[in-house]
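As structure tokens, the structure follows; a few thoughts come after it.
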Number of protein chains: 6
Amino acid sequence: MKIAAFGEVMMRLTPPEYLMLEQTKELRLDFTGTGVNILSNLAHFGCQTSLITNLPDNRLGDAAKASIRQLGIQDHWIGSFGDHIGSYFAEMGFGIRPTQVTYQNRRSSSFGKSDAEAYDFASFLEEIDLVHICGIALSLTDETRNAAFDLAKKAHEKGVKVCFDFNFRPSLNEEHGVLFMREQYEKILPYCDLVFGSQRDLTDLLGMELTESLAPSQQFEVIVHEFMAKYGIAHFAGTFRQSEGDKHYLSGFLADSETVVQAKPREIINLDRIGAGDGYAAGILLGVVENWSLEKSVAFATANGVLAHTIQGDVPLTTRKQVKHIMEHPTIDLIR
Amino acid sequence: MKIAAFGEVMMRLTPPEYLMLEQTKELRLDFTGTGVNILSNLAHFGCQTSLITNLPDNRLGDAAKASIRQLGIQDHWIGSFGDHIGSYFAEMGFGIRPTQVTYQNRRSSSFGKSDAEAYDFASFLEEIDLVHICGIALSLTDETRNAAFDLAKKAHEKGVKVCFDFNFRPSLNEEHGVLFMREQYEKILPYCDLVFGSQRDLTDLLGMELTESLAPSQQFEVIVHEFMAKYGIAHFAGTFRQSEGDKHYLSGFLADSETVVQAKPREIINLDRIGAGDGYAAGILLGVVENWSLEKSVAFATANGVLAHTIQGDVPLTTRKQVKHIMEHPTIDLIR
Amino acid sequence: MKIAAFGEVMMRLTPPEYLMLEQTKELRLDFTGTGVNILSNLAHFGCQTSLITNLPDNRLGDAAKASIRQLGIQDHWIGSFGDHIGSYFAEMGFGIRPTQVTYQNRRSSSFGKSDAEAYDFASFLEEIDLVHICGIALSLTDETRNAAFDLAKKAHEKGVKVCFDFNFRPSLNEEHGVLFMREQYEKILPYCDLVFGSQRDLTDLLGMELTESLAPSQQFEVIVHEFMAKYGIAHFAGTFRQSEGDKHYLSGFLADSETVVQAKPREIINLDRIGAGDGYAAGILLGVVENWSLEKSVAFATANGVLAHTIQGDVPLTTRKQVKHIMEHPTIDLIR
Amino acid sequence: MKIAAFGEVMMRLTPPEYLMLEQTKELRLDFTGTGVNILSNLAHFGCQTSLITNLPDNRLGDAAKASIRQLGIQDHWIGSFGDHIGSYFAEMGFGIRPTQVTYQNRRSSSFGKSDAEAYDFASFLEEIDLVHICGIALSLTDETRNAAFDLAKKAHEKGVKVCFDFNFRPSLNEEHGVLFMREQYEKILPYCDLVFGSQRDLTDLLGMELTESLAPSQQFEVIVHEFMAKYGIAHFAGTFRQSEGDKHYLSGFLADSETVVQAKPREIINLDRIGAGDGYAAGILLGVVENWSLEKSVAFATANGVLAHTIQGDVPLTTRKQVKHIMEHPTIDLIR
Amino acid sequence: MKIAAFGEVMMRLTPPEYLMLEQTKELRLDFTGTGVNILSNLAHFGCQTSLITNLPDNRLGDAAKASIRQLGIQDHWIGSFGDHIGSYFAEMGFGIRPTQVTYQNRRSSSFGKSDAEAYDFASFLEEIDLVHICGIALSLTDETRNAAFDLAKKAHEKGVKVCFDFNFRPSLNEEHGVLFMREQYEKILPYCDLVFGSQRDLTDLLGMELTESLAPSQQFEVIVHEFMAKYGIAHFAGTFRQSEGDKHYLSGFLADSETVVQAKPREIINLDRIGAGDGYAAGILLGVVENWSLEKSVAFATANGVLAHTIQGDVPLTTRKQVKHIMEHPTIDLIR
Amino acid sequence: MKIAAFGEVMMRLTPPEYLMLEQTKELRLDFTGTGVNILSNLAHFGCQTSLITNLPDNRLGDAAKASIRQLGIQDHWIGSFGDHIGSYFAEMGFGIRPTQVTYQNRRSSSFGKSDAEAYDFASFLEEIDLVHICGIALSLTDETRNAAFDLAKKAHEKGVKVCFDFNFRPSLNEEHGVLFMREQYEKILPYCDLVFGSQRDLTDLLGMELTESLAPSQQFEVIVHEFMAKYGIAHFAGTFRQSEGDKHYLSGFLADSETVVQAKPREIINLDRIGAGDGYAAGILLGVVENWSLEKSVAFATANGVLAHTIQGDVPLTTRKQVKHIMEHPTIDLIR
């Protein structure tokens with residue numbers, strides 16, 4: 001199965017050793033983005049993956065493409081447009097000090113300026129079986145909204161499966177209200193087969209209502225199935241983060257039309273949490289693509305998500321062997 | 001309000017990634033010192049700050065001044081004298097392995113060789129409202145003692161507030177006995193308005209006695225007020241460190257003539273504890289300068305002190321926004 | 001004399017050890033810009049300097065300000081506006097391989113979006129004696145053009161000297177033709193006292209004509225004085241680059257209303273040529289401000305420009321002592 | 001046209017900043033090899049390229065493959081075999097100090113242990129139009145000789161063009177005499193279409209004789225055409241290195257059945273000469289594949305070879321644009 | 001007392017900051033090995049130590065010897081043989097992600113190819129009082145087995161004490177069965193005075209049986225004394241690792257002919273656990289050599305082992321002062 | 001032959017990549033000094049060498065000793081005294097920009113404070129055949145003068161050869177006049193067998209006079225032999241530096257009682273010239289110790305000195321093989 005993603009390549013610049021920007025002249029350069037993260041992880045699981053996006057036709061765009069290939073993703077659907085890559089600076093937190101992300105001019109990036117015209121979606125869809133579309137595209141610019149809708153529609157029409165990720169960030173939507181954003185989401189959801197999101201996305205963004213008379217876990221099941229039925233969605237998945245004293249846990253759910261299965265929580269020990277959610281998504285995608293049981297999928301995805309927290313950078317680079325190892329031998333801390 | 005400090009600029013050399021000196025040829029260079037740390041933190045809180053000290057008139061002195069400015073401190077009161085900057089090597093500990101500091105020749109530094117004649121305190125005091133004097137000056141050399149007394153006296157006479165920090169280090173005072181040191185402290189205290197110290201400074205160094213018939217917390221209050229009354233001190237502040245199993249906590253107190261307020265302890269997670277106490281001091285200074293309640297001051301200062309433990313290097317670079325953030329949203333570990 | 005500059009702060013990201021972007025994940029971060037370069041050099045010569053510009057009100061803007069201060073420039077006229085710092089990547093060349101600069105989205109930077117309204121030029125001009133305005137402002141955006149004209153005019157009216165730098169880059173002016181650009185330059189020149197440029201700026205950009213009947217060096221003198229007379233300019237200066245086989249030489253000229261003096265060429269040995277021209281400008285500015293003879297000024301400026309080629313980064317960090325040293329002892333290669 | 005190469009992936013470990021092994025604990029890791037170098041360069045020229053080789057099935061093999069992809073080369077013909085990657089340490093020279101390469105155990109590498117059985121050459125040849133075989137394979141082990149002969153023969157039979165590179169290193173052939181090696185070369189040459197080598201390869205290795213009665217340049221032409229005729233070779237190419245005082249020059253030749261064309265020498269300024277010869281080869285291959293004139297090919301290849309000397313590491317990463325730039329604007333040292 | 005070790009010097013290559021091989025081009029280079037680790041630690045305790053091994057006669061062998069000397073070990077018994085140093089890559093784990101060691105071709109190293117003939121054991125034994133032999137030699141190659149037996153026999157005959165370390169790694173013994181390995185161990189044990197191992201070595205490898213009727217701790221004592229009596233071993237020592245929830249503990253035992261003493265467990269906080277077991281061994285060796293009580297020895301060795309987990313790299317570099325410090329002042333985390 | 005040196009160990013801190021102190025937070029740490037440099041080079045030539053000096057008994061002293069051992073020098077005559085290592089910062093120059101060395105407080109170092117009482121010279125001299133004494137000891141402090149005289153006298157009396165190095169630095173002798181310094185040199189010279197110096201040392205420092213009636217080269221020979229005869233010196237050696245246009249050359253001389261031989265100049269290409277003179281001295285020492293002809297000695301020493309300019313850091317790490325290589329194959333720039 002050939003898996004593709006549509007989304008932005010971002011440049012991440014990170015000071016070393018938990019230093020803050022003021023404290024250093026050395027930065028580590030990585031190229032990331034939800035699509036990049038998920039595809040790279042799937043490539044490390046052995047899938048064939050391809051990214052469709054636009055980058056500037058200059059030295060920086062070339063370096064970005066080299067990095068994408070290094071991560072295991074094919075780059076022949078990456079086009080040239082504009083002259084800017086959106087970037088962010090990640091000052092890594094420590095203990096009580098939070099990680100601080102500072103964005104630089106994301107809306108005028110090559111991706112942000114590219115609408116549907118800037119891509120050849122028809123030919124692209126000939127080559128793939130499933131495409132992941134990141135919800136950030138709905139928030140970013142008119143152009144990215146336009147491209148996302150066009151791609152989702154064409155894929156749906158062609159029978160290519162569409163995986164969609166809510167990824168709703170209020171900070172990116174200050175100019176538009178919730179109602180505007182709701183409309184955008186409602187426009188794309190009918191084309192989607194697999195969706196990542198949370199209960200809050202259903203209630204606060206889509207405006208759906210919980211059946212308060214039910215027990216909380218039932219409320220969740222009911223609203224999830226209501227949502228899936230409304231838009232004809234085959235799978236819906238997401239994560240939960242819980243804390244108990246100093247300890248933090250990750251868990252996740254996966255629903256099909258009949259049931260909602262939740263994984264046993266796993267403790268998170270955190271080296272770099274940016275992008276770690278994409279580890280959960282990649283695990284679920286693998287399970288869905290390979291027709292695993294819901295139980296197997298959430299267990300694998302949760303282990304993978306936890307492992308993604310222990311890796312520097314946004315991109316989960318885990319292999320099946322590594323995930324299996326921590327599922328089967330969680331106490332072995334040295335392999336040789 | 002213009003805040004200044006009198007104290008030594010030291011060069012700190014730190015191996016990367018918890019390596020010991022034997023293990024590396026790479027060192028990180030920083031310029032620090034109690035005065036530098038406190039002023040830089042206050043500058044990050046938005047105050048106008050200035051350091052008065054002496055540095056060698058050479059490339060290293062120039063680099064030190066550049067670094068001081070970078071930290072937000074004005075350098076026009078930094079003079080030239082001598083040809084040496086006191087330095088120390090910090091081998092960062094990990095787990096049970098303690099951080100090991102090795103000093104290099106501190107007494108013959110430009111600062112250590114400068115007495116009152118080497119500064120123009122009179123003009124300097126025209127420009128400022130409060131001056132911090134670090135107690136290290138009383139231990140270092142005859143010259144630094146002489147300069148500290150002269151500055152404290154002139155400031156007091158002129159109505160410039162004096163903030164003093166006990167900072168008593170037995171290792172720096174092997175040649176002089178406690179009685180000699182007590183005399184020095186007794187000489188400077190009458191000029192001081194705000195003092196940082198501990199109960200142990202009052203009993204062991206100044207020789208004051210606890211009223212053993214009282215409950216411990218009352219003993220503390222009584223001796224603190226006795227001390228403040230004796231020397232005419234408006235505010236006295238300091239920190240407590242407590243442990244409970246593996247966990248370590250920071251708390252602090254601030255006393256005015258009527259009451260002693262203590263902060264709720266906060267857990268310390270430690271990236272670099274050198275200079276973290278200066279984070280507490282900077283927080284208290286901000287509160288005193290801006291006339292906050294004692295309660296608000298100790299809460300802010302403790303949060304700031306805890307945050308200072310999570311920052312590489314001696315210098316607390318926290319902003320009001322960061323301190324406020326961990327006070328209001330202690331569980332958010334990623335800001336974007 | 002208090003010297004200020006109006007111009008953009010840019011972020012420069014440089015791979016180490018002559019690596020190309022594809023070859024590294026480590027970048028060196030610096031903050032530069034014509035104004036930054038010239039002021040920092042003047043600060044290293046002992047002048048009091050201040051930059052007026054806008055930066056984003058975020059962690060990156062704060063880091064940029066810290067860097068500006070470190071370079072010796074006062075930052076209290078740096079305001080907050082927008083959310084982006086223009087950046088460029090410098091892949092350092094070696095031998096026949098040219099240095100390759102890739103810009104990222106310069107026009108939507110905090111500086112690029114700020115017009116005259118975004119600054120308090122009136123108060124600013126109260127504090128200074130001379131202001132440098134970089135010609136890039138005329139090419140960048142409508143906002144920067146507007147701000148540059150407003151500042152030049154107000155300064156001229158107030159008797160604050162205006163120093164202007166042609167800095168004409170065709171690559172920044174693809175959308176506007178030469179005639180549009182000529183108008184802009186003609187609008188600002190009448191306010192200027194000291195101008196940096198070349199013969200080509202006068203002929204190709206301003207459309208002035210050479211007196212072909214004269215010898216080439218006389219042609220140059222005549223057109224220079226014609227230009228200076230037309231706009232009431234007191235000093236005009238610039239550099240020449242010459243090659244002889246493998247060797248490259250820098251020279252420069254400085255004209256007042258009566259004469260044009262040219263410096264003896266010096267060989268360039270090149271570590272990093274970006275920003276090296278600003279070393280020449282800083283040298284001339286120092287000479288003009290301190291009323292040196294034209295001969296002394298061009299000799300000092302040329303030596304300083306040559307030295308600037310041997311320093312990593314855009315910013316010339318030379319001191320008077322260093323310039324004097326290479327003028328007097330050009331063969332000493334080790335000072336201790 | 002799809003271009004492939006058969007050859008070893010080596011691990012290169014390089015101390016930074018011209019340090020020697022004893023002087024550093026930091027090494028830079030790269031993956032190189034003649035095939036890697038040439039294919040990566042061709043990929044940067046826009047060709048589709050693929051490497052066929054074997055690597056260990058472990059973390060190091062995976063890292064090598066990621067690096068190969070990053071360089072622009074497809075990795076789907078890279079198989080798993082053995083558990084070792086041949087490596088070398090490169091202590092970079094400076095001035096009179098030569099670069100010192102120390103090999104680690106090359107013969108027992110995954111590549112060194114793989115014979116023809118270890119590859120599926122038949123399927124591989126279905127996909128490609130031209131394959132480069134590095135002559136090192138003839139020197140390394142019985143297995144690599146076996147694999148090289150098998151591949152060359154099958155390619156020739158199938159009409160896939162074979163490009164072969166003498167690459168004769170006496171230091172790798174201490175156990176076998178010249179006669180043994182001559183036999184090996186004579187065995188592979190009849191399958192080859194394009195060969196890289198030198199006059200010395202023809203005389204000393206193959207035992208061919210110069211016609212001493214002719215002028216030296218004619219001697220060369222005659223022996224070259226004799227060699228090409230004997231083995232049915234369409235193109236023969238190679239480089240010359242010349243010195244004049246301190247200056248070093250690179251030139252190259254390319255012969256078809258009728259003529260031998262030589263390029264104008266270009267001065268070499270050397271950052272890292274390892275692998276720079278592969279830059280010449282890549283240039284020639286591009287010209288041959290695109291049917292350029294011999295003159296155009298040698299000029300481009302020589303410029304590319306000279307440029308390869310200015311790039312860190314073995315792998316020439318030049319683009320057509322860069323080569324064209326130095327051919328057309330050799331004196332421009334800063335592009336922006 | 002002069003202490004020596006016979007064993008392999010390995011090259012360790014480690015990515016910085018918890019990065020995985022794919023994520024970095026920078027590696028840290030160290031030279032390690034059980035013998036190196038133990039001797040270096042003993043040298044830091046003030047003992048005179050010497051390593052006997054073989055290294056290649058090239059730049060890498062020279063760099064290895066320089067590193068050995070730096071660690072405090074004499075290198076005059078290090079000979080030249082072969083052309084390869086066994087190496088491994090250590091991708092440091094974090095939290096649930098295990099540290100991953102990838103070996104490169106250990107069996108064909110200079111050490112792996114050297115049999116007894118390759119050393120002058122007779123002269124070597126003239127100079128020393130105790131020699132440590134690492135059990136890895138029994139697994140590696142025929143040559144290393146041969147050399148280990150020869151050395152152990154000659155030392156025993158000469159009255160030089162032999163310290164032996166089971167160090168049984170199934171992954172190194174896939175080609176030989178347990179019975180073959182048992183024979184090898186049975187061959188060397190009669191020459192040994194001090195042995196490091198575990199209960200599992202006695203049961204699974206040597207095939208000894210537990211007296212199941214006894215309580216577990218008694219079972220251990222009985223089998224240990226049976227083992228020691230059988231081979232005439234004076235001291236037997238080893239470590240235990242225990243976990244309790246998230247916490248991990250290290251403890252150890254030391255037996256003489258009469259009793260088995262076990263240390264109080266200490267919590268492990270882990271920076272780099274590779275080689276940390278050698279810290280325990282070095283502590284025991286010091287105690288045995290200096291005739292400490294068993295109790296003192298295990299307490300010191302356990303503290304040292306725990307400290308070794310907090311040090312980057314394999315080599316425990318602890319001093320007596322440091323070990324004493326954490327035994328006496330376990331809560332002091334900053335020494336100055 | 002066992003060669004020793006008496007001299008200071010200094011700490012050198014160097015910014016990377018030609019950066020100046022202001023431009024970096026990263027420094028490279030090395031331990032150097034004339035004695036260290038010469039002994040390390042001789043150790044790399046295969047000699048047994050030992051340093052006698054004092055270092056602080058702390059972490060830094062231990063790191064220095066580890067580094068000394070790494071360089072191939074025995075450390076068992078290094079004692080503990082004081083608490084400071086003299087240090088210097090080396091800002092590496094480029095092209096016309098000179099390398100700038102800034103010293104930190106050299107006189108109060110462990111070495112500077114140690115007089116003859118602080119060493120056990122008598123036992124030390126039992127173990128060695130030749131001792132090098134650096135003339136810096138005569139300039140540094142009363143204590144180092146005292147120790148140098150005592151050592152030279154005892155060595156002379158015992159028949160241990162004394163090698164002495166003028167190393168006269170006016171900058172270290174500002175407080176004493178030339179007459180004072182002349183007395184010191186006159187006091188030590190009668191004990192010396194091999195001396196390094198220049199014609200200027202004989203005329204300006206010792207006050208000897210040239211016979212102006214002779215040709216310059218004869219003047220030099222006459223004064224050299226006069227000097228050697230006066231103090232009973234067997235060998236006198238030194239270097240010349242010449243320039244021709246942009247090119248710089250190193251040459252050297254060596255005199256015995258009968259003749260003065262001068263080497264053919266070699267071009268210097270300079271990576272780091274600090275300590276390069278010690279490369280010449282080490283070459284001469286090797287020749288004298290091994291009784292080479294004067295001609296062979298100066299040729300080897302000059303080649304070694306030139307090579308020392310191409311090595312980072314003060315310490316020449318050349319081997320006989322490397323020196324021989326550049327003498328025999330000066331044009332080979334890549335060895336593999």
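Residues in the structure tokens are numbered from 1 in each chain, the chains being A, B, ... in the order shown, and ligands are numbered from 1 in the order shown.
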
Rows by chain and residue number, chain C within 8 Å of chain F, shortest pair, only C-alpha atoms, as a Markdown table:
| residue | atom | partner | partner_atom | distance |
| --- | --- | --- | --- | --- |
| C:Glu17 | CA | F:Glu17 | CA | 7.3 |
| C:Ile269 | CA | F:Gly95 | CA | 5.4 |
| C:Asn270 | CA | F:Gly95 | CA | 7.4 |
| C:Leu271 | CA | F:Phe94 | CA | 7.2 |
| C:Leu307 | CA | F:Arg97 | CA | 6.3 |
| C:Thr310 | CA | F:Phe94 | CA | 5.7 |
| C:Ile311 | CA | F:Leu19 | CA | 7.3 |
| C:Gln312 | CA | F:Leu19 | CA | 6.3 |
| C:Ile326 | CA | F:Ile96 | CA | 7.2 |
| C:Pro330 | CA | F:Ile96 | CA | 7.0 |
| C:Thr331 | CA | F:Ile96 | CA | 7.8 |
| C:Ile332 | CA | F:Pro98 | CA | 6.6 |
| C:Asp333 | CA | F:Pro98 | CA | 4.1 |
| C:Leu334 | CA | F:Thr99 | CA | 4.7 |
| C:Ile335 | CA | F:Gln100 | CA | 4.9 |
| C:Arg336 | CA | F:Val101 | CA | 4.8 |

Next, dump the selected residues to file, keeping only N, CA and C atoms, as a PDB file, in the first residue's frame.
ATOM      1  N   GLU C  17      32.498  25.296   9.148  1.00  0.00           N
ATOM      2  CA  GLU C  17      33.603  24.688   8.391  1.00  0.00           C
ATOM      3  C   GLU C  17      33.339  24.544   6.893  1.00  0.00           C
ATOM      4  N   ILE C 269      42.759  39.155   1.974  1.00  0.00           N
ATOM      5  CA  ILE C 269      42.751  37.714   2.189  1.00  0.00           C
ATOM      6  C   ILE C 269      41.468  37.435   2.956  1.00  0.00           C
ATOM      7  N   ASN C 270      40.692  36.531   2.407  1.00  0.00           N
ATOM      8  CA  ASN C 270      39.277  36.521   2.657  1.00  0.00           C
ATOM      9  C   ASN C 270      38.836  35.361   3.547  1.00  0.00           C
ATOM     10  N   LEU C 271      38.352  35.667   4.738  1.00  0.00           N
ATOM     11  CA  LEU C 271      37.744  34.624   5.552  1.00  0.00           C
ATOM     12  C   LEU C 271      36.227  34.666   5.371  1.00  0.00           C
ATOM     13  N   LEU C 307      40.725  44.310   7.077  1.00  0.00           N
ATOM     14  CA  LEU C 307      40.654  43.533   8.319  1.00  0.00           C
ATOM     15  C   LEU C 307      39.276  42.876   8.456  1.00  0.00           C
ATOM     16  N   THR C 310      38.759  39.437   7.251  1.00  0.00           N
ATOM     17  CA  THR C 310      39.415  38.333   7.972  1.00  0.00           C
ATOM     18  C   THR C 310      38.643  37.923   9.213  1.00  0.00           C
ATOM     19  N   ILE C 311      37.446  38.459   9.366  1.00  0.00           N
ATOM     20  CA  ILE C 311      36.634  38.196  10.559  1.00  0.00           C
ATOM     21  C   ILE C 311      35.400  37.407  10.159  1.00  0.00           C
ATOM     22  N   GLN C 312      35.114  36.335  10.908  1.00  0.00           N
ATOM     23  CA  GLN C 312      33.909  35.548  10.662  1.00  0.00           C
ATOM     24  C   GLN C 312      32.673  36.415  10.891  1.00  0.00           C
ATOM     25  N   ILE C 326      47.832  46.835  12.218  1.00  0.00           N
ATOM     26  CA  ILE C 326      48.157  46.342  10.871  1.00  0.00           C
ATOM     27  C   ILE C 326      48.657  47.454   9.972  1.00  0.00           C
ATOM     28  N   PRO C 330      52.543  45.538   9.584  1.00  0.00           N
ATOM     29  CA  PRO C 330      51.765  44.611   8.765  1.00  0.00           C
ATOM     30  C   PRO C 330      52.320  43.179   8.758  1.00  0.00           C
ATOM     31  N   THR C 331      53.565  42.963   9.182  1.00  0.00           N
ATOM     32  CA  THR C 331      54.129  41.616   9.060  1.00  0.00           C
ATOM     33  C   THR C 331      54.094  40.829  10.367  1.00  0.00           C
ATOM     34  N   ILE C 332      53.701  41.453  11.454  1.00  0.00           N
ATOM     35  CA  ILE C 332      53.653  40.719  12.729  1.00  0.00           C
ATOM     36  C   ILE C 332      52.392  39.870  12.752  1.00  0.00           C
ATOM     37  N   ASP C 333      52.572  38.561  12.868  1.00  0.00           N
ATOM     38  CA  ASP C 333      51.387  37.698  12.803  1.00  0.00           C
ATOM     39  C   ASP C 333      51.027  37.050  14.133  1.00  0.00           C
ATOM     40  N   LEU C 334      51.738  37.435  15.186  1.00  0.00           N
ATOM     41  CA  LEU C 334      51.442  36.889  16.518  1.00  0.00           C
ATOM     42  C   LEU C 334      51.705  37.968  17.547  1.00  0.00           C
ATOM     43  N   ILE C 335      50.687  38.326  18.302  1.00  0.00           N
ATOM     44  CA  ILE C 335      50.851  39.345  19.342  1.00  0.00           C
ATOM     45  C   ILE C 335      50.700  38.668  20.692  1.00  0.00           C
ATOM     46  N   ARG C 336      51.709  38.836  21.553  1.00  0.00           N
ATOM     47  CA  ARG C 336      51.514  38.333  22.927  1.00  0.00           C
ATOM     48  C   ARG C 336      52.246  39.189  23.948  1.00  0.00           C
TER      49      ARG C 336
END

ask   = Where does DSSP see alpha helix (DSSP H) in range 178-279 of chain E, if you list the residues as a PyMOL selection string?
value = chain E and resi 178-188+199-200+216-231+276-279

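Using only C-alpha atoms, the protein and nucleic acid residues lying no more than 6 Å from range 128-145 of chain B, apart from those fewer than 4 places from it along its own chain, are B:Lys2, B:Ile3, B:Ala4, B:Ala5, B:Phe6, B:Gly112, B:Lys113, B:Ser114, B:Asp115, B:Val160, B:Lys161, B:Val162, B:Cys163, B:Phe164, B:Asp165, B:Phe166, B:Asn167.
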
key: Near-Gln262 in chain E list (7 Å; only C-alpha atoms; drop same-chain fewer than 3 positions) as a list in words   = Gly252, Phe253, Leu254 and Val298 of chain E

Those residues with N, CA and C atoms, as a CSV table (one decimal), in the first residue's frame please?
chain,number,residue,atom,x,y,z
E,252,GLY,N,25.9,-5.8,45.6
E,252,GLY,CA,26.9,-6.7,45.2
E,252,GLY,C,27.3,-7.6,46.3
E,253,PHE,N,28.0,-8.7,46.0
E,253,PHE,CA,28.5,-9.6,47.0
E,253,PHE,C,30.0,-9.8,46.9
E,254,LEU,N,30.6,-10.3,48.0
E,254,LEU,CA,32.0,-10.7,47.9
E,254,LEU,C,32.1,-11.9,48.9
E,298,VAL,N,32.6,-4.4,49.8
E,298,VAL,CA,31.3,-4.4,49.0
E,298,VAL,C,30.6,-3.0,49.1

query = Any idea what the distance is between CA of Leu294 in chain E and CA of Asn41 in chain E?
reply =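 These two atoms are separated by 19.6 Å.
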
request  = Tell me which protein, DNA and RNA residues are within 7 Å of range 121-127 of chain E, counting only C-alpha atoms, leaving out same-chain ones fewer than 2 positions away, and put them as a PyMOL selection string.
outcome  = chain E and resi 119+151+155

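Our summary of the geometry notes that CA of Cys192 in chain A is positioned 16.4 Å from CA of Phe168 in chain A.
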
inquiry  = Applying 12 Å and only C-alpha atoms, which residues near range 222-226 of chain B remain after dropping the ones on its own chain fewer than 3 positions away? List them as a ChimeraX atom specification.
reply    = /B:195-203,206-219,229-238,253-261

With only C-alpha atoms as the counted atoms, please give the residues lying no more than 10 Å from Lys187 in chain C, apart from itself and same-chain residues fewer than 4 positions off, as an mmCIF file with C-alpha atoms, in the first residue's frame.
data_model
loop_
_atom_site.group_PDB
_atom_site.id
_atom_site.type_symbol
_atom_site.label_atom_id
_atom_site.label_comp_id
_atom_site.auth_asym_id
_atom_site.auth_seq_id
_atom_site.Cartn_x
_atom_site.Cartn_y
_atom_site.Cartn_z
ATOM 1 C CA PHE C 149 12.030 59.483 3.763
ATOM 2 C CA ALA C 152 15.813 61.721 6.554
ATOM 3 C CA LYS C 153 13.594 64.732 6.239
ATOM 4 C CA MET C 181 14.186 53.514 -8.089
ATOM 5 C CA ARG C 182 15.897 56.655 -9.395
ATOM 6 C CA GLU C 183 12.954 58.724 -8.169
ATOM 7 C CA TYR C 191 18.575 65.484 2.945
#
